[in-house]
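The data block below is entry_24.cif; it holds mmCIF, C-alpha atoms.
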data_query
#
loop_
_atom_site.group_PDB
_atom_site.id
_atom_site.type_symbol
_atom_site.label_atom_id
_atom_site.label_comp_id
_atom_site.auth_asym_id
_atom_site.auth_seq_id
_atom_site.Cartn_x
_atom_site.Cartn_y
_atom_site.Cartn_z
ATOM 1 C CA MET A 1 -50.250 9.760 18.372
ATOM 2 C CA ILE A 2 -48.765 13.154 17.599
ATOM 3 C CA LEU A 3 -49.112 15.038 14.307
ATOM 4 C CA LEU A 4 -46.354 17.487 13.442
ATOM 5 C CA SER A 5 -46.748 20.521 11.210
ATOM 6 C CA ASP A 6 -43.199 20.514 9.917
ATOM 7 C CA LYS A 7 -43.543 21.316 6.199
ATOM 8 C CA TRP A 8 -43.755 25.093 6.458
ATOM 9 C CA LYS A 9 -41.496 27.358 4.401
ATOM 10 C CA ASP A 10 -43.046 30.760 5.320
ATOM 11 C CA TYR A 11 -43.561 30.047 9.023
ATOM 12 C CA GLU A 12 -41.003 28.985 11.624
ATOM 13 C CA LEU A 13 -41.260 28.293 15.331
ATOM 14 C CA ILE A 14 -37.754 29.379 16.289
ATOM 15 C CA ASP A 15 -37.588 28.886 20.061
ATOM 16 C CA MET A 16 -39.726 28.797 23.195
ATOM 17 C CA GLY A 17 -39.408 29.171 26.953
ATOM 18 C CA ASN A 18 -40.565 31.163 30.004
ATOM 19 C CA GLY A 19 -44.182 31.100 28.841
ATOM 20 C CA GLU A 20 -43.406 32.573 25.411
ATOM 21 C CA LYS A 21 -42.624 31.506 21.863
ATOM 22 C CA LEU A 22 -40.489 33.154 19.190
ATOM 23 C CA GLU A 23 -41.860 32.772 15.665
ATOM 24 C CA LYS A 24 -41.087 33.946 12.158
ATOM 25 C CA TRP A 25 -44.086 34.737 9.938
ATOM 26 C CA GLY A 26 -42.667 35.425 6.505
ATOM 27 C CA ASP A 27 -40.015 38.064 7.256
ATOM 28 C CA VAL A 28 -41.573 39.208 10.549
ATOM 29 C CA VAL A 29 -40.397 37.844 13.924
ATOM 30 C CA LEU A 30 -42.977 37.893 16.722
ATOM 31 C CA ARG A 31 -42.629 37.064 20.410
ATOM 32 C CA ARG A 32 -45.864 36.157 22.139
ATOM 33 C CA PRO A 33 -47.218 34.217 25.139
ATOM 34 C CA ASP A 34 -48.064 30.513 25.127
ATOM 35 C CA PRO A 35 -49.512 28.923 28.288
ATOM 36 C CA GLN A 36 -48.086 25.486 27.435
ATOM 37 C CA VAL A 37 -44.489 26.720 27.595
ATOM 38 C CA ILE A 38 -43.726 26.213 31.288
ATOM 39 C CA TRP A 39 -39.973 25.498 30.945
ATOM 40 C CA PRO A 40 -37.248 28.195 30.944
ATOM 41 C CA ILE A 41 -35.387 29.693 27.999
ATOM 42 C CA ASN A 42 -31.857 28.288 28.005
ATOM 43 C CA LYS A 43 -30.500 31.692 27.047
ATOM 44 C CA GLU A 44 -32.302 34.834 25.886
ATOM 45 C CA TRP A 45 -30.173 35.307 22.792
ATOM 46 C CA PRO A 46 -30.372 38.521 20.677
ATOM 47 C CA LEU A 47 -33.451 37.709 18.564
ATOM 48 C CA TRP A 48 -35.475 37.102 21.738
ATOM 49 C CA LYS A 49 -34.612 40.639 22.815
ATOM 50 C CA ASN A 50 -35.205 42.296 19.460
ATOM 51 C CA PRO A 51 -38.118 40.767 17.497
ATOM 52 C CA HIS A 52 -40.310 42.954 15.304
ATOM 53 C CA GLY A 53 -43.197 42.681 17.766
ATOM 54 C CA HIS A 54 -43.500 41.526 21.385
ATOM 55 C CA TYR A 55 -46.930 40.907 22.875
ATOM 56 C CA HIS A 56 -47.219 41.788 26.558
ATOM 57 C CA ARG A 57 -50.097 40.555 28.675
ATOM 58 C CA SER A 58 -51.855 43.079 30.914
ATOM 59 C CA ASN A 59 -52.601 42.397 34.574
ATOM 60 C CA ARG A 60 -56.132 43.611 33.834
ATOM 61 C CA GLY A 61 -56.630 41.028 31.046
ATOM 62 C CA GLY A 62 -55.833 41.253 27.360
ATOM 63 C CA GLY A 63 -52.603 42.945 26.389
ATOM 64 C CA SER A 64 -50.858 44.857 23.620
ATOM 65 C CA TRP A 65 -48.052 44.658 21.068
ATOM 66 C CA GLU A 66 -44.758 46.470 21.617
ATOM 67 C CA VAL A 67 -43.320 47.353 18.197
ATOM 68 C CA LYS A 68 -39.542 47.008 18.400
ATOM 69 C CA LYS A 69 -38.873 47.081 14.643
ATOM 70 C CA LYS A 70 -41.356 48.423 12.110
ATOM 71 C CA TYR A 71 -43.441 45.767 10.353
ATOM 72 C CA PRO A 72 -46.581 45.894 8.149
ATOM 73 C CA GLU A 73 -50.043 46.082 9.686
ATOM 74 C CA GLN A 74 -50.821 42.940 7.666
ATOM 75 C CA TRP A 75 -49.003 40.684 5.213
ATOM 76 C CA ASN A 76 -49.414 37.321 3.469
ATOM 77 C CA ILE A 77 -47.743 33.947 3.881
ATOM 78 C CA ASN A 78 -47.978 30.777 1.788
ATOM 79 C CA TYR A 79 -48.370 27.135 2.671
ATOM 80 C CA GLY A 80 -47.680 25.468 -0.648
ATOM 81 C CA PRO A 81 -50.450 26.685 -2.989
ATOM 82 C CA LEU A 82 -52.501 28.135 -0.098
ATOM 83 C CA LYS A 83 -52.162 31.787 0.893
ATOM 84 C CA PHE A 84 -53.244 33.497 4.121
ATOM 85 C CA LYS A 85 -53.441 37.030 5.501
ATOM 86 C CA ILE A 86 -51.518 37.571 8.731
ATOM 87 C CA LYS A 87 -52.505 40.435 11.007
ATOM 88 C CA PRO A 88 -51.465 40.583 14.690
ATOM 89 C CA THR A 89 -54.534 41.312 16.817
ATOM 90 C CA GLY A 90 -55.080 42.795 20.257
ATOM 91 C CA PHE A 91 -55.630 39.290 21.636
ATOM 92 C CA LYS A 92 -52.080 38.071 20.735
ATOM 93 C CA HIS A 93 -53.323 36.063 17.727
ATOM 94 C CA THR A 94 -52.211 36.475 14.108
ATOM 95 C CA GLY A 95 -55.284 35.081 12.308
ATOM 96 C CA LEU A 96 -53.786 31.661 11.605
ATOM 97 C CA PHE A 97 -52.992 28.536 13.617
ATOM 98 C CA PRO A 98 -49.956 27.116 11.761
ATOM 99 C CA GLU A 99 -50.111 23.713 13.462
ATOM 100 C CA GLN A 100 -53.337 23.053 11.551
ATOM 101 C CA ALA A 101 -51.287 22.547 8.376
ATOM 102 C CA ALA A 102 -51.033 18.860 9.366
ATOM 103 C CA ASN A 103 -54.828 18.648 9.183
ATOM 104 C CA TRP A 104 -54.983 20.626 5.918
ATOM 105 C CA ASP A 105 -52.655 18.105 4.254
ATOM 106 C CA TRP A 106 -54.836 15.233 5.456
ATOM 107 C CA MET A 107 -58.081 16.870 4.272
ATOM 108 C CA ILE A 108 -56.649 17.680 0.851
ATOM 109 C CA ASP A 109 -55.483 14.086 0.427
ATOM 110 C CA LYS A 110 -58.824 12.612 1.573
ATOM 111 C CA ILE A 111 -60.865 14.861 -0.729
ATOM 112 C CA LYS A 112 -58.669 14.386 -3.789
ATOM 113 C CA SER A 113 -58.427 10.620 -3.265
ATOM 114 C CA SER A 114 -62.203 10.243 -2.951
ATOM 115 C CA LYS A 115 -62.611 10.864 -6.716
ATOM 116 C CA ARG A 116 -66.156 12.185 -6.144
ATOM 117 C CA PRO A 117 -67.887 15.479 -5.318
ATOM 118 C CA ILE A 118 -67.500 16.277 -1.615
ATOM 119 C CA LYS A 119 -69.503 18.763 0.473
ATOM 120 C CA VAL A 120 -67.722 20.066 3.579
ATOM 121 C CA LEU A 121 -69.246 21.800 6.599
ATOM 122 C CA ASN A 122 -66.655 23.858 8.536
ATOM 123 C CA LEU A 123 -67.987 24.960 11.942
ATOM 124 C CA PHE A 124 -66.399 27.506 14.319
ATOM 125 C CA ALA A 125 -64.444 28.125 11.125
ATOM 126 C CA TYR A 126 -62.462 31.240 12.193
ATOM 127 C CA THR A 127 -60.400 32.719 9.323
ATOM 128 C CA GLY A 128 -60.872 29.640 7.169
ATOM 129 C CA GLY A 129 -57.608 27.710 7.019
ATOM 130 C CA ALA A 130 -59.547 24.459 6.629
ATOM 131 C CA SER A 131 -62.039 26.076 4.238
ATOM 132 C CA VAL A 132 -59.194 27.197 1.968
ATOM 133 C CA ALA A 133 -57.615 23.719 2.038
ATOM 134 C CA CYS A 134 -60.885 21.944 1.234
ATOM 135 C CA ALA A 135 -61.822 24.400 -1.528
ATOM 136 C CA TYR A 136 -58.353 23.976 -3.032
ATOM 137 C CA ALA A 137 -58.871 20.181 -3.014
ATOM 138 C CA GLY A 138 -62.072 20.654 -5.029
ATOM 139 C CA ALA A 139 -64.755 20.356 -2.344
ATOM 140 C CA GLU A 140 -67.860 22.481 -2.003
ATOM 141 C CA VAL A 141 -67.530 24.259 1.354
ATOM 142 C CA CYS A 142 -69.938 25.820 3.850
ATOM 143 C CA HIS A 143 -68.007 28.054 6.272
ATOM 144 C CA VAL A 144 -69.812 29.022 9.514
ATOM 145 C CA ASP A 145 -68.616 31.318 12.303
ATOM 146 C CA ALA A 146 -70.420 33.664 14.695
ATOM 147 C CA ALA A 147 -67.927 36.524 14.172
ATOM 148 C CA LYS A 148 -68.517 38.606 11.051
ATOM 149 C CA GLY A 149 -64.939 39.895 11.059
ATOM 150 C CA MET A 150 -63.528 36.375 10.987
ATOM 151 C CA VAL A 151 -65.841 35.359 8.129
ATOM 152 C CA ASN A 152 -64.734 38.409 6.109
ATOM 153 C CA TRP A 153 -61.107 37.446 6.799
ATOM 154 C CA ALA A 154 -61.846 33.918 5.524
ATOM 155 C CA LYS A 155 -63.270 35.414 2.316
ATOM 156 C CA GLU A 156 -59.995 37.289 1.848
ATOM 157 C CA ASN A 157 -58.010 34.066 2.322
ATOM 158 C CA ILE A 158 -60.105 32.285 -0.310
ATOM 159 C CA GLU A 159 -59.446 35.125 -2.766
ATOM 160 C CA LEU A 160 -55.740 35.333 -1.899
ATOM 161 C CA SER A 161 -55.436 31.615 -2.693
ATOM 162 C CA GLY A 162 -56.994 32.162 -6.125
ATOM 163 C CA LEU A 163 -60.116 30.169 -5.244
ATOM 164 C CA ARG A 164 -62.789 32.760 -5.946
ATOM 165 C CA ASP A 165 -64.333 30.460 -8.567
ATOM 166 C CA ARG A 166 -64.854 27.629 -6.044
ATOM 167 C CA THR A 167 -68.199 27.031 -4.347
ATOM 168 C CA VAL A 168 -67.851 28.407 -0.803
ATOM 169 C CA ARG A 169 -70.804 29.630 1.280
ATOM 170 C CA PHE A 170 -69.945 32.041 4.091
ATOM 171 C CA ILE A 171 -72.389 32.111 7.005
ATOM 172 C CA VAL A 172 -72.306 34.421 10.057
ATOM 173 C CA ASP A 173 -74.386 32.592 12.651
ATOM 174 C CA ASP A 174 -74.468 30.592 15.870
ATOM 175 C CA VAL A 175 -73.359 27.117 14.788
ATOM 176 C CA PHE A 176 -76.065 25.301 16.785
ATOM 177 C CA LYS A 177 -78.844 27.311 15.178
ATOM 178 C CA PHE A 178 -77.354 26.989 11.710
ATOM 179 C CA VAL A 179 -77.056 23.195 11.926
ATOM 180 C CA GLU A 180 -80.622 22.960 13.278
ATOM 181 C CA ARG A 181 -81.830 24.853 10.203
ATOM 182 C CA GLU A 182 -79.773 22.603 7.899
ATOM 183 C CA VAL A 183 -81.470 19.577 9.504
ATOM 184 C CA ARG A 184 -84.899 21.074 8.754
ATOM 185 C CA ARG A 185 -83.837 21.846 5.175
ATOM 186 C CA GLY A 186 -82.579 18.307 4.671
ATOM 187 C CA ASN A 187 -79.075 19.438 3.662
ATOM 188 C CA LYS A 188 -76.276 16.870 3.999
ATOM 189 C CA TYR A 189 -72.469 17.020 4.112
ATOM 190 C CA ASP A 190 -69.807 14.403 3.388
ATOM 191 C CA ALA A 191 -67.269 15.920 5.761
ATOM 192 C CA ILE A 192 -67.631 17.936 8.976
ATOM 193 C CA ILE A 193 -64.859 19.977 10.610
ATOM 194 C CA MET A 194 -65.232 21.725 13.951
ATOM 195 C CA ASP A 195 -62.840 23.785 16.026
ATOM 196 C CA PRO A 196 -64.955 24.591 19.100
ATOM 197 C CA PRO A 197 -63.747 27.055 21.725
ATOM 198 C CA SER A 198 -63.459 26.050 25.381
ATOM 199 C CA TYR A 199 -65.906 28.818 26.186
ATOM 200 C CA GLY A 200 -67.688 31.267 23.953
ATOM 201 C CA ARG A 201 -70.817 33.219 23.124
ATOM 202 C CA GLY A 202 -72.904 33.304 19.979
ATOM 203 C CA PRO A 203 -73.987 36.534 18.243
ATOM 204 C CA LYS A 204 -77.007 36.832 20.568
ATOM 205 C CA GLY A 205 -75.228 35.874 23.784
ATOM 206 C CA GLU A 206 -75.664 32.104 23.489
ATOM 207 C CA VAL A 207 -73.233 30.408 25.906
ATOM 208 C CA TRP A 208 -70.968 27.568 24.748
ATOM 209 C CA LYS A 209 -69.001 25.448 27.253
ATOM 210 C CA ILE A 210 -67.210 22.598 25.526
ATOM 211 C CA GLU A 211 -67.601 20.032 28.320
ATOM 212 C CA ASP A 212 -71.360 20.644 28.434
ATOM 213 C CA LYS A 213 -72.114 21.033 24.733
ATOM 214 C CA LEU A 214 -69.707 19.024 22.564
ATOM 215 C CA TYR A 215 -71.421 15.630 22.717
ATOM 216 C CA GLU A 216 -74.867 17.171 22.224
ATOM 217 C CA PHE A 217 -73.590 19.217 19.298
ATOM 218 C CA LEU A 218 -71.963 16.247 17.585
ATOM 219 C CA GLU A 219 -75.196 14.278 17.938
ATOM 220 C CA LEU A 220 -76.964 17.138 16.163
ATOM 221 C CA CYS A 221 -74.332 17.182 13.407
ATOM 222 C CA LEU A 222 -74.953 13.479 12.705
ATOM 223 C CA LYS A 223 -78.304 14.553 11.267
ATOM 224 C CA VAL A 224 -76.549 16.460 8.471
ATOM 225 C CA LEU A 225 -73.911 13.781 7.784
ATOM 226 C CA SER A 226 -74.438 12.160 4.389
ATOM 227 C CA ASP A 227 -75.035 8.453 3.808
ATOM 228 C CA ASN A 228 -71.544 8.163 2.317
ATOM 229 C CA PRO A 229 -69.390 10.333 4.608
ATOM 230 C CA LEU A 230 -65.672 10.919 4.107
ATOM 231 C CA PHE A 231 -64.412 12.320 7.417
ATOM 232 C CA VAL A 232 -65.235 14.128 10.652
ATOM 233 C CA LEU A 233 -62.558 16.198 12.415
ATOM 234 C CA ILE A 234 -62.682 17.826 15.851
ATOM 235 C CA ASN A 235 -59.920 20.136 17.088
ATOM 236 C CA SER A 236 -59.639 21.348 20.663
ATOM 237 C CA TYR A 237 -57.349 23.756 22.461
ATOM 238 C CA THR A 238 -58.973 23.143 25.848
ATOM 239 C CA THR A 239 -56.217 22.713 28.443
ATOM 240 C CA GLY A 240 -56.580 19.448 30.337
ATOM 241 C CA PHE A 241 -58.804 17.783 27.711
ATOM 242 C CA SER A 242 -57.409 14.360 26.787
ATOM 243 C CA PRO A 243 -57.390 13.180 23.150
ATOM 244 C CA ILE A 244 -59.159 10.066 24.447
ATOM 245 C CA VAL A 245 -62.181 12.266 25.220
ATOM 246 C CA LEU A 246 -62.487 13.164 21.526
ATOM 247 C CA GLU A 247 -61.889 9.557 20.494
ATOM 248 C CA ASN A 248 -64.640 8.307 22.830
ATOM 249 C CA ILE A 249 -67.082 10.985 21.642
ATOM 250 C CA LEU A 250 -66.473 10.055 17.988
ATOM 251 C CA GLN A 251 -66.807 6.352 18.784
ATOM 252 C CA THR A 252 -70.186 6.880 20.484
ATOM 253 C CA THR A 253 -71.566 9.181 17.782
ATOM 254 C CA VAL A 254 -70.121 8.939 14.263
ATOM 255 C CA ARG A 255 -68.749 5.404 14.506
ATOM 256 C CA ARG A 256 -71.996 4.167 16.048
ATOM 257 C CA GLN A 257 -74.041 5.662 13.214
ATOM 258 C CA VAL A 258 -71.784 4.859 10.255
ATOM 259 C CA LYS A 259 -70.671 1.432 11.573
ATOM 260 C CA SER A 260 -67.459 1.498 9.542
ATOM 261 C CA GLY A 261 -64.270 3.498 9.113
ATOM 262 C CA LYS A 262 -61.791 4.239 11.882
ATOM 263 C CA VAL A 263 -61.560 6.607 14.821
ATOM 264 C CA TYR A 264 -58.305 7.890 16.270
ATOM 265 C CA ALA A 265 -57.068 10.896 18.225
ATOM 266 C CA GLY A 266 -53.892 12.529 19.403
ATOM 267 C CA GLU A 267 -51.933 15.700 19.908
ATOM 268 C CA ILE A 268 -50.820 18.195 17.311
ATOM 269 C CA GLY A 269 -47.576 20.142 17.532
ATOM 270 C CA ILE A 270 -44.811 22.158 15.884
ATOM 271 C CA PRO A 271 -41.074 21.466 16.287
ATOM 272 C CA ALA A 272 -38.870 24.422 17.236
ATOM 273 C CA SER A 273 -36.068 24.890 14.718
ATOM 274 C CA ARG A 274 -33.459 25.919 17.319
ATOM 275 C CA THR A 275 -33.951 23.052 19.791
ATOM 276 C CA GLY A 276 -36.043 20.387 18.058
ATOM 277 C CA MET A 277 -38.440 20.432 21.027
ATOM 278 C CA ILE A 278 -42.119 20.118 20.133
ATOM 279 C CA LEU A 279 -44.624 22.798 21.105
ATOM 280 C CA PRO A 280 -47.951 21.128 22.023
ATOM 281 C CA CYS A 281 -50.723 22.925 20.133
ATOM 282 C CA GLY A 282 -53.909 21.160 21.185
ATOM 283 C CA ILE A 283 -55.573 17.868 20.344
ATOM 284 C CA PHE A 284 -57.536 16.363 17.474
ATOM 285 C CA GLY A 285 -60.013 13.537 16.950
ATOM 286 C CA ARG A 286 -60.787 12.034 13.546
ATOM 287 C CA TRP A 287 -63.252 9.602 12.060
ATOM 288 C CA GLU A 288 -62.411 8.692 8.485
ATOM 289 C CA ALA A 289 -63.930 6.340 5.933
#
Spell out the structure here as structure tokens.
Amino acid sequence: MILLSDKWKDYELIDMGNGEKLEKWGDVVLRRPDPQVIWPINKEWPLWKNPHGHYHRSNRGGGSWEVKKKYPEQWNINYGPLKFKIKPTGFKHTGLFPEQAANWDWMIDKIKSSKRPIKVLNLFAYTGGASVACAYAGAEVCHVDAAKGMVNWAKENIELSGLRDRTVRFIVDDVFKFVEREVRRGNKYDAIIMDPPSYGRGPKGEVWKIEDKLYEFLELCLKVLSDNPLFVLINSYTTGFSPIVLENILQTTVRRQVKSGKVYAGEIGIPASRTGMILPCGIFGRWEA
């Protein structure tokens, strides 16, 4: 199964090749690396050569943006009623993963269709694309990330989307430790979203390696899953990880505990407007009631 994020108006994947992608974010065209793009560019036509910004990797790690045409330090884009701040960072990212729009649409539909109050736990929540979507749909959201800067960015996205009046808790913490505390408190959630990194460190140096920790972490999260859950979503950008891995993990954790609903997994991607080719953007696994 492949999910396509193809309903954008303010974002466009224009073309891709030679390890790079050419994108339009609002009115700003950016050229940046993508490790999945291992085929050549058919022809480096003018926009490839003259975007607003071109991110160059450094041989020493990291990289930097070459400004070819002046563009704002930050700006906003919309996805339907949702609004997000875009700000190119020193690590090639812009603060938003546009392919996740396919998951936002699904979450919004699930929450609205449930016709009941829903509590969502968003873990490794980054700048809060999923938190904004769930809050918009009417859910109560708990947003957890170890990086204070990302949590502050998520707060901005909630406000930009006009959702300041919604119930959203923002937590800066190691996700393992936070969920352990929620277990002790007896707090429960109807939906759990997680976007774990392949490798990372918590605020106090805690090491996360997805192949070592994901199953253990999901088992822990089962202890905060409500008796009437709505969905569980796992995203992964780990190269070489099969969607079947996420499907099997959900089958042996959530599906085993809930004993109903369905589990499925697949890839997520964005079609390039110039060629129609699909850029692979990671994998997902879902359990839904």
Please, what distance in Å, to one decimal, runs between atom CA of Leu250 of chain A and atom CA of Phe124 of chain A?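 So the two atoms, atom CA of Leu250 of chain A and atom CA of Phe124 of chain A, lie 17.8 Å apart.
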Per residue of segment 62-144 of chain A within 6 Å of segment 148-169 of chain A, which atom pair is closest and at what distance in Å (one decimal), using all atoms listed in the file, listed by chain and increasing number, as a tab-separated table?
residue	atom	partner	partner_atom	distance
A:Leu82	CA	A:Ser161	CA	5.2
A:Lys83	CA	A:Ser161	CA	4.9
A:Phe84	CA	A:Asn157	CA	5.1
A:Tyr126	CA	A:Met150	CA	5.4
A:Thr127	CA	A:Ala154	CA	4.2
A:Gly128	CA	A:Ala154	CA	4.7
A:Val132	CA	A:Ile158	CA	5.6
A:Glu140	CA	A:Thr167	CA	5.1
A:Val141	CA	A:Val168	CA	4.7
A:Cys142	CA	A:Arg169	CA	4.7
A:His143	CA	A:Arg169	CA	5.9
So that each row is one residue of segment 74-149 of chain A with an atom at most 12 Å from segment 33-41 of chain A, can you give its shortest atom pair and the distance in Å to one decimal, using only C-alpha atoms, rows by chain and rising number, as a Markdown table?
| residue | atom | partner | partner_atom | distance |
| --- | --- | --- | --- | --- |
| A:Phe91 | CA | A:Pro33 | CA | 10.4 |
| A:Lys92 | CA | A:Pro33 | CA | 7.6 |
| A:His93 | CA | A:Pro33 | CA | 9.8 |
Print the selection's residues with C-alpha atoms to a file, as an mmCIF file, in the frame of the given file.
data_model
loop_
_atom_site.group_PDB
_atom_site.id
_atom_site.type_symbol
_atom_site.label_atom_id
_atom_site.label_comp_id
_atom_site.auth_asym_id
_atom_site.auth_seq_id
_atom_site.Cartn_x
_atom_site.Cartn_y
_atom_site.Cartn_z
ATOM 1 C CA PHE A 91 -55.630 39.290 21.636
ATOM 2 C CA LYS A 92 -52.080 38.071 20.735
ATOM 3 C CA HIS A 93 -53.323 36.063 17.727
#
Can you list what the PyMOL selection byres ((chain A and resi 116-120) around 10) grabs from this structure, as a ChimeraX atom specification? /A:110-115,121-123,130-131,134-135,137-143,167-168,188-193,225-226,228-232
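Interatomic distance, atom CA of Leu4 of chain A against atom CA of Ser242 of chain A: 17.6 Å.
Counting from atom CA of Met16 of chain A, the distance to atom CA of Ile283 of chain A is 19.5 Å.
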With only C-alpha atoms as the basis for distance, which of A:Lys49, A:His54, A:Lys69, A:Lys7 is at the shortest distance from Asp27 of chain A? A:Lys69
Exercise: residues within 9 Å of coordinate (-66.8, 26.1, 25.7), counting only C-alpha atoms, as JSON, numbers by chain: {"A": [196, 197, 198, 199, 200, 201, 207, 208, 209, 210, 211, 212, 213, 214, 238]}
What do you get, as a count of residues only, if you spell out every residue that the PyMOL selection byres ((chain A and resi 262-273) around 7) selects here? 34
Hey, what comes out of the PyMOL selection byres ((chain A and resi 171) around 7) on this file? Could you write it as a PyMOL selection string? chain A and resi 143-145+169-170+172-173
Taking all atoms listed in the file into account, which of A:Gly17, A:Glu23, A:Val179, A:Val29 comes nearest Lys43 of chain A?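 Under the stated criterion, the closest residue is A:Gly17.
Shortest separation to Leu222 of chain A among A:Lys68, A:Lys87, A:Arg255, A:Thr239 occurs at residue A:Arg255, atoms counted being only C-alpha atoms.
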Excluding same-chain residues fewer than 4 positions from Arg31 of chain A, what lies within 7 Å of it counting only C-alpha atoms, as a list in words? Glu20, Lys21, Leu22, Glu23, Pro51, Gly53, His54 and Tyr55 of chain A
Starting from 6 Å padding per side, set up an axis-aligned box that covers all listed atoms of segment 285-288 of chain A and hand over centre and edge lengths in Å, one decimal, as lines of an AutoDock Vina configuration file.
center_x = -61.6
center_y = 11.1
center_z = 12.7
size_x = 15.2
size_y = 16.8
size_z = 20.5
